[in-house]
Amino acid sequence: MEETKTLVDSIVEGIQEKKGRRIRVADLDGVGDTICRYLVICEGNTPTQVAAICDSVEDMAHKRAGEKPVRIAGQNNSIWIAMDYADVMVHIFMPEAREFYDIDHLWDDAEVTEIPDLD
């Protein structure tokens, strides 16, 4: 459990390092039938920023938590990148894609923490 919390914290730090915005962390432990324990969602303003956030998350998770993603999808266009860390799923969106897919509300029964934007 502590390792997973360290991983989530390092993911958030990686997002903030590249000025990712609207970070939400959903704790899915109390929700039945989920594929992971935490869901981290954020956005970047351009495909370049989305890709940079992905790289930063990967670096920070490796340095701080010793974790590497099982799989990364979406790097070819950087509109929506999904990073699978088994217990933690990370979704990095362009604002329009985040609004369109609206995955923020799929787990309304989860405990959600809103991380303030760093300005």
# chains A, B, ... in the order shown; residues from 1 in each chain; ligands from 1
call {"tool": "residues_around", "arguments": {"residues": "Thr4 (chain A)", "least_positions_apart": "6", "cutoff": "10 Å", "atoms": "only C-alpha atoms", "output": "count of residues only"}}
result
9
call {"tool": "residues_around", "arguments": {"residues": "Ile23 (chain A)", "least_positions_apart": "2", "cutoff": "6 Å", "atoms": "only C-alpha atoms", "output": "ChimeraX atom specification"}}
result
/A:21,41-42,115
call {"tool": "select_by_dssp", "arguments": {"residues": "region 4-117 of chain A", "states": "alpha helix (DSSP H)", "output": "PyMOL selection string"}}
result
chain A and resi 4-17+47-65+95-101
call {"tool": "select_by_dssp", "arguments": {"residues": "region 51-116 of chain A", "states": "strand (DSSP E or B)", "output": "JSON, numbers by chain"}}
result
{"A": [71, 72, 73, 80, 81, 82, 83, 84, 88, 89, 90, 91, 92, 93, 111, 112, 113, 114, 115]}
call {"tool": "closest_atom_pairs", "arguments": {"of": "region 32-92 of chain A", "to": "region 102-114 of chain A", "cutoff": "12 Å", "atoms": "only C-alpha atoms", "output": "tab-separated table"}}
result
residue	atom	partner	partner_atom	distance
A:Gly32	CA	A:Ala110	CA	9.9
A:Asp33	CA	A:Trp107	CA	11.2
A:Thr34	CA	A:Trp107	CA	9.6
A:Cys36	CA	A:Trp107	CA	12.0
A:Arg37	CA	A:Ala110	CA	10.3
A:Tyr38	CA	A:Ala110	CA	9.5
A:Leu39	CA	A:Val112	CA	9.2
A:Val40	CA	A:Asp104	CA	9.4
A:Ile41	CA	A:Asp104	CA	7.4
A:Cys42	CA	A:Asp104	CA	9.6
A:Glu43	CA	A:Asp104	CA	11.6
A:Trp80	CA	A:Ile103	CA	11.5
A:Ala82	CA	A:Ile103	CA	12.0
A:Val90	CA	A:Ile103	CA	11.6
A:His91	CA	A:Ile103	CA	9.2
A:Ile92	CA	A:Ile103	CA	11.3
call {"tool": "closest_residue", "arguments": {"among": "A:Ile81, A:Ala61, A:Ile53, A:Leu118", "to": "Ile15 (chain A)", "atoms": "only C-alpha atoms"}}
result
A:Ile53
call {"tool": "residues_around", "arguments": {"residues": "Ser56 (chain A)", "least_positions_apart": "5", "cutoff": "10 Å", "atoms": "only C-alpha atoms", "output": "list of chain:residue names"}}
result
A:Ser10, A:Ile11, A:Val12, A:Glu13, A:Gly14, A:Ile15, A:Gln16, A:Glu17, A:Lys18, A:Val50, A:Ala51, A:Ala61, A:His62
call {"tool": "closest_residue", "arguments": {"among": "A:Ala52, A:Ile79, A:Met89, A:Ile72", "to": "Arg24 (chain A)", "atoms": "only C-alpha atoms"}}
result
A:Met89
call {"tool": "closest_residue", "arguments": {"among": "A:Met60, A:Lys5, A:Phe93, A:Thr46", "to": "Asp27 (chain A)", "atoms": "only C-alpha atoms"}}
result
A:Lys5
call {"tool": "closest_residue", "arguments": {"among": "A:Glu3, A:Gly66, A:Gln49, A:Asp55", "to": "Met94 (chain A)", "atoms": "only C-alpha atoms"}}
result
A:Gln49
